[in-house]
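Below is one structure; the comments refer to it alone.
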Amino acid sequence: MTEVASNSARTCRLPAELTSFVGRRHETAEVKRLLADSRLVTLVGVGGVGKTRLALRVAVDLRRAFRDGVWLVELAALENPELLPQVVAETLDMHDRSARPTMEVLTDHLRDKQLLLVLDNCEHLLDACAVLAEILVRAAPELRILTTSRQALGVPGEQTMPVPTLPMPDRESAMLSTDALAQLDAVRLLAERAKAVLPGFAVTDANRETVARLCRGLDGIPLAIELAAVRLRAISVDQLLTRLEDRFRLLTVGSRAALPRQQTLRALIDWSYTLCTEHERLLWERLSVFSGGLDLEAAEQVCAGDGITPEEIAGLVIGLVDKSVLVREEHDSSVRYRLMETIRQYGRDRLRESGRETEVRRRHRDWCKDLVLRAQHGWYGPDQVAWFARLRAEHGNLRTALDFCLSTPGEIEPGLVIATALRYYWIAAGSLHEGRNRLGHLLAIDAEPTLTRARALCLNARLAVLQSDFAVAAAMLDESRELGRRFDDPAVMAGAAYVSGLAALVRRDLTGSLTLLGEALEGHRRTDDPMGIVNSLIYLATAHSLLGNSEEAVALFEECLTICEAQREHWFRSYALWMFGIEVWRQGDTRRGVEMERQAMRLKEPFDDRLGQALCTEALAWMAAGSGDCERAAVLLGALREIWRSFGGPLFGYLGGYHDECETAAREMLGDRKFEASIQRGTGLSHEEAFECAMVDRMSDQRRSREPSQLTRRELEIARLVAQGMSNKEIAAALVIAQRTAEGHVEHILSKLGFNSRVQIAAWVSGQD
């Protein structure tokens with residue numbers, strides 16, 4: 001597979017390797033060969049054999065061969081197959097708000113992409129993964145898919161590669177020198193992991209036979225070797241071998257057959273389980289209800305009780321980390337923990353056998369409900385960005401809680417509470433499809449008339465309006481209003497008025513929107529709902545602006561910004577600045593309008609709000625064209641083509657005219673040839689480069705930033721922070737951006753400069769200063 005050059009920085013969305021990768025040289029080469037010949041390759045093998053690590057190693061090695069990046073979709077925490085396309089779209093940083101099926105949007109997005117998609121842990125979603133893979137490889141001729149599963153997907157054209165266990169000493173190993181024995185992959189892995197817990201460990205003439213027997217007994221299964229190596233912290237290698245042989249002997253009594261490999265791993269996990277204290281075992285079982293990880297607070301709330309006090313949890317977590325049952329990970333501003341999938345499934349089986357699974361899953365549901373209600377309360381204020389990051393980190397757990405509510409009798413009401421409390425998260429995270437899917441299923445199962453249902457209907461209608469699905473939204477709003485009147489709830493009535501007003505605005509019924517949004521504003525003021533107030537102010541001001549009522553529009557925008565700034569709020573303020581900037585520009589103050597758009601873009605960055613930033617970039621293109629800088633306008637329009645294609649067209653209907661006017665003016669001034677060349681320049685920009693282009697004042701600045709090995713202004717700022725020794729988490733905190741955004745910037749810096757370490761970045765910065 002030849003390496004492909006690209007003007008835009010490549011994307012490599014892969015986790016960092018926390019431990020060394022041992023061996024697999026032949027397998028790595030074989031997977032690369034298969035990917036060169038086939039567009040769908042599946043690595044199959046028993047749990048713990050190292051399918052994921054092999055796939056990630058191959059992906060890292062090939063990251064520069066794919067113009068549009070290498071992307072890992074982790075499926076272990078996903079239990080609902082309906083959400084598979086949504087999860088893939090999220091991983092690809094797609095922020096679709098159209099009403100089109102996600103699979104359709106996904107295929108359109110990938111149609112002309114050259115990228116490698118890694119689908120990890122497909123076995124529990126086998127049919128859904130097979131359908132998705134077959135559709136995508138047919139639609140996208142330059143797409144390659146690498147999957148890991150315990151069995152093949154069964155898709156036409158799929159190449160499967162069984163992942164073998166690690167090469168290990170055979171009965172003839174006595175013929176090998178100690179040095180040669182130590183080079184066998186299974187022995188190397190055991191030695192490296194043993195050194196991590198026992199620094200002085202080495203394979204010697206004295207212990208070589210014991211080590212060889214140990215690796216044979218573990219069948220060369222990487223996870224089994226890693227679990228066993230942890231025991232060397234407390235016992236000798238001879239003691240470890242004796243105990244393992246005793247355990248395996250129990251499984252083979254009465255049989256001369258070799259011990260099956262899956263049974264070997266089960267025996268190792270059984271042994272890890274029995275070596276835990278009683279309370280550690282209970283915690284292991286209860287932690288298995290979490291999906292995608294957890295923090296200490298979550299463990300304390302869900303897992304305490306029935307024999308474990310909250311005060312014990314921290315110590316038990318430390319014990320499970322020490323025993324390699326729990327994996328400790330740095331995540332944003334906190335430490336999180338994760339059960340490896342094989343170990344998580346073992347814990348879930350034990351929990352199910354105990355008869356306590358439903359009870360613990362209900363406690364998990366209660367924790368998720370409490371979390372989202374606190375997030376809803378804290379969303380409007382200085383902690384908004386932190387709450388957004390927290391909800392994004394817990395997205396897997398929220399999905400699991402909603403799955404529980406959908407599949408368990410009597411759980412629809414709490415499910416609706418959770419889904420409705422996530423109203424701003426669904427929008428900010430670009431998860432409109434998922435929000436509508438969850439609300440729709442919950443509302444369909446139980447139609448009992450309650451206030452909770454009224455609020456859920458109103459939110460579902462709002463999400464439908466944002467996807468321009470107006471007929472569906474109208475029916476839901478009618479039922480929501482009816483329930484609001486029945487329960488005499490002014491908050492529901494105000495919410496329905498707001499959504500109706502937003503729908504009228506999007507459909508260009510400006511007079512109707514003015515009436516409805518005015519009604520919503522009054523209702524929200526009466527119920528003292530600050531988020532409802534600022535939301536209504538933004539779009540009421542927009543309606544006045546588009547009707548030419550500039551004085552009223554300015555007064556409402558300024559009131560909205562004053563309220564938001566007092567709370568140090570980001571989300572609503574960014575959208576107010578976006579529309580206010582357009583109004584200021586229309587009044588003739590282009591410089592101030594540009595600064596407002598850029599301020600809005602900076603506020604949107606921590607949310608990774610690609611749509612919001614695209615709206616601001618679009619407005620900046622209009623302003624550039626209006627100022628005569630049509631080359632810049634065309635570049636910005638080109639940078640937006642891909643995102644608008646995923647939405648089925650640019651912008652909301654009420655602003656579409658400005659886009660057409662901008663494009664016409666730029667084409668007339670530049671001529672067709674130069675206009676198209678400028679559009680193509682914009683199309684070639686990465687998201688980060690497009691952001692930088694929107695934030696600089698002259699096209700010459702952007703041209704300089706496109707020279708080989710030159711960094712954008714933001715990347716240079718981050719490179720200097722890297723040179724100061726700051727981690728990605730510290731950089732994110734210093735610049736008030738998401739950690740994943742900081743990680744992306746560092747990846748682009750490494751790619752542009754041709755480096756592979758942060759030390760090289762530091763040296764480069766030193767040479768520049």
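Residues are named by chain letter and number: chains run A, B, ... in the order of the structure tokens, numbers start at 1 in each chain, and ligands are numbered from 1 in the order shown.
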Skipping near chain neighbours, those fewer than 3 positions away, what residues fall within 12 Å of Arg24 of chain A using only C-alpha atoms, listed as a tab-separated table (two decimals) with N, CA and C atoms, in the first residue's frame?
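selection-v3.tsv was written with the following content:
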chain	number	residue	atom	x	y	z
A	21	PHE	N	4.31	-3.03	22.81
A	21	PHE	CA	3.74	-4.03	21.91
A	21	PHE	C	4.81	-5.07	21.63
A	27	GLU	N	2.37	-11.46	11.84
A	27	GLU	CA	0.94	-11.16	11.75
A	27	GLU	C	0.69	-9.73	11.28
A	28	THR	N	1.51	-8.80	11.77
A	28	THR	CA	1.37	-7.40	11.36
A	28	THR	C	1.56	-7.27	9.85
A	29	ALA	N	2.58	-7.91	9.34
A	29	ALA	CA	2.84	-7.86	7.90
A	29	ALA	C	1.71	-8.50	7.11
A	30	GLU	N	1.16	-9.60	7.63
A	30	GLU	CA	0.09	-10.31	6.93
A	30	GLU	C	-1.19	-9.46	6.88
A	31	VAL	N	-1.52	-8.79	7.97
A	31	VAL	CA	-2.72	-7.93	7.97
A	31	VAL	C	-2.55	-6.80	6.96
A	49	VAL	N	-6.75	-12.89	22.98
A	49	VAL	CA	-5.64	-13.33	22.14
A	49	VAL	C	-4.86	-12.14	21.56
A	50	GLY	N	-5.41	-10.93	21.68
A	50	GLY	CA	-4.67	-9.75	21.22
A	50	GLY	C	-5.13	-9.19	19.90
A	51	LYS	N	-6.40	-9.43	19.54
A	51	LYS	CA	-6.93	-8.92	18.26
A	51	LYS	C	-6.89	-7.40	18.22
A	53	ARG	N	-5.05	-5.23	20.04
A	53	ARG	CA	-3.69	-4.67	20.01
A	53	ARG	C	-3.07	-4.82	18.63
A	54	LEU	N	-3.31	-5.95	17.97
A	54	LEU	CA	-2.77	-6.15	16.63
A	54	LEU	C	-3.40	-5.16	15.65
A	55	ALA	N	-4.71	-4.99	15.72
A	55	ALA	CA	-5.39	-4.05	14.82
A	55	ALA	C	-4.88	-2.64	15.02
A	57	ARG	N	-1.94	-1.72	16.23
A	57	ARG	CA	-0.56	-1.62	15.76
A	57	ARG	C	-0.54	-1.45	14.24
A	58	VAL	N	-1.34	-2.22	13.54
A	58	VAL	CA	-1.41	-2.09	12.08
A	58	VAL	C	-1.91	-0.70	11.70
A	163	VAL	N	-6.18	-14.83	14.44
A	163	VAL	CA	-5.05	-14.30	15.22
A	163	VAL	C	-4.57	-15.42	16.14
A	164	PRO	N	-3.37	-15.91	15.90
A	164	PRO	CA	-2.88	-17.04	16.71
A	164	PRO	C	-2.40	-16.57	18.08
A	165	THR	N	-2.20	-17.51	18.94
A	165	THR	CA	-1.55	-17.17	20.21
A	165	THR	C	-0.09	-16.84	19.93
A	166	LEU	N	0.59	-16.32	20.92
A	166	LEU	CA	1.99	-15.92	20.74
A	166	LEU	C	2.89	-17.16	20.62
A	167	PRO	N	3.91	-17.09	19.79
A	167	PRO	CA	4.88	-18.19	19.74
A	167	PRO	C	5.46	-18.45	21.12
A	184	LEU	N	11.45	-15.55	22.31
A	184	LEU	CA	10.13	-16.02	21.90
A	184	LEU	C	9.08	-15.05	22.43
A	185	ASP	N	8.09	-14.76	21.60
A	185	ASP	CA	7.16	-13.68	21.93
A	185	ASP	C	6.45	-13.88	23.28
A	186	ALA	N	5.99	-15.10	23.54
A	186	ALA	CA	5.29	-15.35	24.80
A	186	ALA	C	6.21	-15.11	26.00
A	188	ARG	N	8.94	-13.17	25.99
A	188	ARG	CA	9.22	-11.73	26.04
A	188	ARG	C	8.10	-10.98	26.73
A	189	LEU	N	6.86	-11.33	26.39
A	189	LEU	CA	5.72	-10.64	27.01
A	189	LEU	C	5.68	-10.90	28.51
A	222	PRO	N	-2.05	-13.72	25.20
A	222	PRO	CA	-1.50	-12.50	25.80
A	222	PRO	C	-2.20	-12.06	27.08
Residue contacts of segment 548-565 of chain A (12 Å, only C-alpha atoms) excluding same-chain residues fewer than 2 positions away, as a PyMOL selection string: chain A and resi 379-382+384+510-511+514+518+521+530-546+567-587+596+600+603
Alpha helix (DSSP H) residues, from DSSP on the backbone, in segment 524-741 of chain A, as a VMD selection string: chain A and resid 524 to 526 530 to 546 550 to 566 571 to 586 590 to 604 610 to 626 630 to 647 656 to 670 672 to 683 687 to 695 699 to 705 713 to 723 728 to 735 739 to 741
All residues 7 Å or closer to segment 190-197 of chain A, only C-alpha atoms, same chain fewer than 6 positions away omitted, as an MDAnalysis selection string: chainID A and resid 203 225:226 229:230 232:233
Written selection (N, CA and C atoms) as a compact mmCIF listing (two decimals), in the first residue's frame:
# COMPACT_ATOMS: atom_id res chain seq x y z
N VAL A 203 14.72 -13.56 32.61
CA VAL A 203 14.78 -14.98 32.28
C VAL A 203 16.24 -15.41 32.41
N ILE A 225 -1.27 -14.29 29.93
CA ILE A 225 0.10 -14.04 30.38
C ILE A 225 0.15 -12.77 31.23
N GLU A 226 -0.55 -11.74 30.80
CA GLU A 226 -0.53 -10.47 31.55
C GLU A 226 -1.18 -10.64 32.92
N ALA A 229 1.29 -12.61 35.09
CA ALA A 229 2.50 -11.87 35.44
C ALA A 229 2.27 -10.96 36.65
N VAL A 230 1.06 -10.46 36.79
CA VAL A 230 0.76 -9.58 37.92
C VAL A 230 1.00 -10.29 39.24
N LEU A 232 3.33 -12.13 40.11
CA LEU A 232 4.74 -12.20 40.51
C LEU A 232 5.10 -11.08 41.48
N ARG A 233 4.20 -10.15 41.67
CA ARG A 233 4.42 -9.14 42.70
C ARG A 233 4.45 -9.78 44.09
Segment 453-468 of chain A environment, 9 Å, only C-alpha atoms, sequence neighbours closer than 4 positions dropped, as a count of residues only: 48
With only C-alpha atoms counted and 9 Å as the cut-off, give the residues of segment 222-329 of chain A in contact with segment 343-367 of chain A, each with its shortest interatomic distance in Å and the pair that gives it, as a tab-separated table.
residue	atom	partner	partner_atom	distance
A:Arg266	CA	A:Tyr346	CA	8.3
A:Ile269	CA	A:Ile343	CA	7.2
A:Asp270	CA	A:Tyr346	CA	8.7
A:Arg281	CA	A:Gly347	CA	8.5
A:Leu282	CA	A:Leu351	CA	8.4
A:Trp284	CA	A:Gly347	CA	6.0
A:Glu285	CA	A:Gly347	CA	4.4
A:Arg286	CA	A:Val360	CA	6.5
A:Leu287	CA	A:Gly347	CA	7.7
A:Ser288	CA	A:Arg344	CA	5.1
A:Val289	CA	A:Arg361	CA	6.1
A:Phe290	CA	A:His364	CA	7.6
A:Ala298	CA	A:Trp367	CA	7.2
A:Gln301	CA	A:Trp367	CA	6.7
A:Val302	CA	A:Arg363	CA	5.5
A:Cys303	CA	A:Val360	CA	7.6
A:Val325	CA	A:Ile343	CA	7.0
A:Leu326	CA	A:Ile343	CA	8.8
Selection: 12 Å around Glu74 of chain A, only C-alpha atoms, excl. self and same-chain fewer than 2 positions, as a PyMOL selection string: chain A and resi 13-15+52+55-56+71-72+76-79+84+87-88+90-91+117-122+125+147-149+291-292+341+396
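With distances restricted to only C-alpha atoms, A:Ala639 is the closest residue to Arg610 of chain A from A:Ala639, A:Ala719, A:Ala234, A:Ala212.
Distances here use only C-alpha atoms; by that measure, the residue among A:Val237, A:Leu750, A:Cys405, A:Leu75 closest to Ala206 of chain A is A:Val237.
Minimum atom-to-atom distances from A:Cys630, A:Arg64, A:Gln86, A:Leu43 to His748 of chain A were compared using only C-alpha atoms, and the lowest value belongs to A:Arg64.
A straight line drawn from atom CA of Gly45 of chain A to atom CA of Arg150 of chain A is 5.1 Å long.
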Test item: residues at most 9 Å from Asp403 of chain A, only C-alpha atoms, excluding those fewer than 6 positions along its chain, as JSON, numbers by chain: {"A": [79, 80, 415, 438]}
Any chance you can output those residues with all heavy atoms as a PDB file, in the first residue's frame?
ATOM      1  N   GLU A  79     -24.404  -1.509  23.289  1.00  0.00           N
ATOM      2  CA  GLU A  79     -25.270  -2.671  23.412  1.00  0.00           C
ATOM      3  C   GLU A  79     -26.442  -2.643  22.437  1.00  0.00           C
ATOM      4  O   GLU A  79     -27.065  -3.656  22.180  1.00  0.00           O
ATOM      5  CB  GLU A  79     -25.791  -2.770  24.856  1.00  0.00           C
ATOM      6  CG  GLU A  79     -24.679  -2.950  25.884  1.00  0.00           C
ATOM      7  CD  GLU A  79     -25.190  -3.043  27.313  1.00  0.00           C
ATOM      8  OE1 GLU A  79     -26.419  -3.110  27.493  1.00  0.00           O
ATOM      9  OE2 GLU A  79     -24.371  -3.043  28.233  1.00  0.00           O
ATOM     10  N   ASN A  80     -26.773  -1.464  21.907  1.00  0.00           N
ATOM     11  CA  ASN A  80     -27.927  -1.306  21.028  1.00  0.00           C
ATOM     12  C   ASN A  80     -27.455  -1.252  19.575  1.00  0.00           C
ATOM     13  O   ASN A  80     -26.847  -0.271  19.162  1.00  0.00           O
ATOM     14  CB  ASN A  80     -28.671  -0.020  21.398  1.00  0.00           C
ATOM     15  CG  ASN A  80     -29.981   0.122  20.650  1.00  0.00           C
ATOM     16  OD1 ASN A  80     -30.165  -0.450  19.586  1.00  0.00           O
ATOM     17  ND2 ASN A  80     -30.905   0.884  21.203  1.00  0.00           N
ATOM     18  N   GLY A 415     -36.704   6.763  32.202  1.00  0.00           N
ATOM     19  CA  GLY A 415     -36.042   6.882  30.909  1.00  0.00           C
ATOM     20  C   GLY A 415     -36.352   8.208  30.235  1.00  0.00           C
ATOM     21  O   GLY A 415     -35.463   8.862  29.668  1.00  0.00           O
ATOM     22  N   ARG A 438     -34.150   7.778  20.939  1.00  0.00           N
ATOM     23  CA  ARG A 438     -34.437   7.383  22.321  1.00  0.00           C
ATOM     24  C   ARG A 438     -35.800   7.891  22.761  1.00  0.00           C
ATOM     25  O   ARG A 438     -36.609   7.159  23.336  1.00  0.00           O
ATOM     26  CB  ARG A 438     -33.349   7.921  23.247  1.00  0.00           C
ATOM     27  CG  ARG A 438     -31.973   7.362  22.979  1.00  0.00           C
ATOM     28  CD  ARG A 438     -31.956   5.850  23.076  1.00  0.00           C
ATOM     29  NE  ARG A 438     -30.610   5.322  23.147  1.00  0.00           N
ATOM     30  CZ  ARG A 438     -30.302   4.135  23.635  1.00  0.00           C
ATOM     31  NH1 ARG A 438     -31.248   3.340  24.079  1.00  0.00           N
ATOM     32  NH2 ARG A 438     -29.052   3.718  23.661  1.00  0.00           N
TER      33      ARG A 438
END
Ala738 of chain A: which residues within 12 Å, counting only C-alpha atoms, same-chain residues fewer than 4 positions away excluded, as a PDB file with N, CA and C atoms, in the first residue's frame?
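Saved file part_6.pdb follows:
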ATOM      1  N   HIS A 331      -8.240  10.921  31.910  1.00  0.00           N
ATOM      2  CA  HIS A 331      -9.326  11.326  31.022  1.00  0.00           C
ATOM      3  C   HIS A 331      -9.735  12.744  31.377  1.00  0.00           C
ATOM      4  N   ASP A 332      -9.449  13.676  30.445  1.00  0.00           N
ATOM      5  CA  ASP A 332      -9.742  15.083  30.689  1.00  0.00           C
ATOM      6  C   ASP A 332      -9.153  15.495  32.033  1.00  0.00           C
ATOM      7  N   SER A 333      -9.997  15.978  32.941  1.00  0.00           N
ATOM      8  CA  SER A 333      -9.477  16.510  34.200  1.00  0.00           C
ATOM      9  C   SER A 333      -9.563  15.512  35.346  1.00  0.00           C
ATOM     10  N   VAL A 385     -18.901  24.078  30.313  1.00  0.00           N
ATOM     11  CA  VAL A 385     -17.942  23.304  29.517  1.00  0.00           C
ATOM     12  C   VAL A 385     -17.566  22.015  30.249  1.00  0.00           C
ATOM     13  N   ALA A 386     -17.381  22.117  31.560  1.00  0.00           N
ATOM     14  CA  ALA A 386     -17.024  20.931  32.348  1.00  0.00           C
ATOM     15  C   ALA A 386     -18.161  19.909  32.321  1.00  0.00           C
ATOM     16  N   TRP A 387     -19.400  20.380  32.400  1.00  0.00           N
ATOM     17  CA  TRP A 387     -20.535  19.462  32.355  1.00  0.00           C
ATOM     18  C   TRP A 387     -20.639  18.789  30.987  1.00  0.00           C
ATOM     19  N   PHE A 388     -20.390  19.555  29.939  1.00  0.00           N
ATOM     20  CA  PHE A 388     -20.443  18.964  28.608  1.00  0.00           C
ATOM     21  C   PHE A 388     -19.398  17.850  28.477  1.00  0.00           C
ATOM     22  N   ALA A 389     -18.176  18.137  28.938  1.00  0.00           N
ATOM     23  CA  ALA A 389     -17.116  17.131  28.875  1.00  0.00           C
ATOM     24  C   ALA A 389     -17.483  15.903  29.703  1.00  0.00           C
ATOM     25  N   ARG A 390     -18.099  16.126  30.853  1.00  0.00           N
ATOM     26  CA  ARG A 390     -18.490  15.007  31.713  1.00  0.00           C
ATOM     27  C   ARG A 390     -19.541  14.128  31.027  1.00  0.00           C
ATOM     28  N   ARG A 392     -20.100  13.872  27.851  1.00  0.00           N
ATOM     29  CA  ARG A 392     -19.495  13.185  26.712  1.00  0.00           C
ATOM     30  C   ARG A 392     -18.714  11.958  27.187  1.00  0.00           C
ATOM     31  N   ALA A 393     -18.001  12.090  28.308  1.00  0.00           N
ATOM     32  CA  ALA A 393     -17.254  10.953  28.847  1.00  0.00           C
ATOM     33  C   ALA A 393     -18.187   9.829  29.281  1.00  0.00           C
ATOM     34  N   ARG A 602     -14.579  31.095  19.095  1.00  0.00           N
ATOM     35  CA  ARG A 602     -13.733  30.724  20.242  1.00  0.00           C
ATOM     36  C   ARG A 602     -14.566  30.109  21.351  1.00  0.00           C
ATOM     37  N   LEU A 603     -15.769  30.635  21.569  1.00  0.00           N
ATOM     38  CA  LEU A 603     -16.641  30.082  22.607  1.00  0.00           C
ATOM     39  C   LEU A 603     -17.111  28.679  22.247  1.00  0.00           C
ATOM     40  N   LYS A 604     -17.236  28.389  20.961  1.00  0.00           N
ATOM     41  CA  LYS A 604     -17.727  27.088  20.519  1.00  0.00           C
ATOM     42  C   LYS A 604     -16.652  26.000  20.555  1.00  0.00           C
ATOM     43  N   GLU A 605     -15.387  26.402  20.600  1.00  0.00           N
ATOM     44  CA  GLU A 605     -14.302  25.436  20.477  1.00  0.00           C
ATOM     45  C   GLU A 605     -14.322  24.352  21.544  1.00  0.00           C
ATOM     46  N   PRO A 606     -14.573  24.662  22.825  1.00  0.00           N
ATOM     47  CA  PRO A 606     -14.569  23.578  23.827  1.00  0.00           C
ATOM     48  C   PRO A 606     -15.623  22.510  23.580  1.00  0.00           C
ATOM     49  N   PHE A 607     -16.692  22.859  22.854  1.00  0.00           N
ATOM     50  CA  PHE A 607     -17.758  21.893  22.569  1.00  0.00           C
ATOM     51  C   PHE A 607     -17.474  21.118  21.285  1.00  0.00           C
ATOM     52  N   ASP A 608     -16.390  21.493  20.588  1.00  0.00           N
ATOM     53  CA  ASP A 608     -16.131  20.911  19.274  1.00  0.00           C
ATOM     54  C   ASP A 608     -17.382  21.054  18.402  1.00  0.00           C
ATOM     55  N   ASP A 609     -17.997  22.254  18.485  1.00  0.00           N
ATOM     56  CA  ASP A 609     -19.263  22.521  17.797  1.00  0.00           C
ATOM     57  C   ASP A 609     -18.979  22.853  16.341  1.00  0.00           C
ATOM     58  N   ASN A 728      -1.442  16.998  27.321  1.00  0.00           N
ATOM     59  CA  ASN A 728      -2.628  17.391  26.562  1.00  0.00           C
ATOM     60  C   ASN A 728      -3.729  17.893  27.484  1.00  0.00           C
ATOM     61  N   LYS A 729      -3.858  17.235  28.641  1.00  0.00           N
ATOM     62  CA  LYS A 729      -4.886  17.657  29.596  1.00  0.00           C
ATOM     63  C   LYS A 729      -4.604  19.069  30.093  1.00  0.00           C
ATOM     64  N   GLU A 730      -3.342  19.354  30.396  1.00  0.00           N
ATOM     65  CA  GLU A 730      -2.972  20.685  30.897  1.00  0.00           C
ATOM     66  C   GLU A 730      -3.129  21.746  29.809  1.00  0.00           C
ATOM     67  N   ILE A 731      -2.813  21.392  28.576  1.00  0.00           N
ATOM     68  CA  ILE A 731      -2.997  22.328  27.458  1.00  0.00           C
ATOM     69  C   ILE A 731      -4.482  22.646  27.285  1.00  0.00           C
ATOM     70  N   ALA A 732      -5.323  21.605  27.360  1.00  0.00           N
ATOM     71  CA  ALA A 732      -6.763  21.812  27.214  1.00  0.00           C
ATOM     72  C   ALA A 732      -7.286  22.753  28.298  1.00  0.00           C
ATOM     73  N   ALA A 733      -6.820  22.558  29.532  1.00  0.00           N
ATOM     74  CA  ALA A 733      -7.272  23.418  30.635  1.00  0.00           C
ATOM     75  C   ALA A 733      -6.778  24.850  30.445  1.00  0.00           C
ATOM     76  N   ALA A 734      -5.540  25.012  29.987  1.00  0.00           N
ATOM     77  CA  ALA A 734      -4.974  26.354  29.824  1.00  0.00           C
ATOM     78  C   ALA A 734      -5.678  27.144  28.734  1.00  0.00           C
ATOM     79  N   ALA A 742      -7.185  19.300  21.908  1.00  0.00           N
ATOM     80  CA  ALA A 742      -5.751  19.477  22.125  1.00  0.00           C
ATOM     81  C   ALA A 742      -4.969  18.308  21.535  1.00  0.00           C
ATOM     82  N   GLU A 743      -5.478  17.081  21.745  1.00  0.00           N
ATOM     83  CA  GLU A 743      -4.812  15.906  21.194  1.00  0.00           C
ATOM     84  C   GLU A 743      -4.735  15.977  19.675  1.00  0.00           C
ATOM     85  N   GLY A 744      -5.842  16.424  19.045  1.00  0.00           N
ATOM     86  CA  GLY A 744      -5.862  16.557  17.594  1.00  0.00           C
ATOM     87  C   GLY A 744      -4.838  17.560  17.093  1.00  0.00           C
ATOM     88  N   HIS A 745      -4.713  18.689  17.815  1.00  0.00           N
ATOM     89  CA  HIS A 745      -3.716  19.698  17.425  1.00  0.00           C
ATOM     90  C   HIS A 745      -2.299  19.120  17.501  1.00  0.00           C
TER      91      HIS A 745
END
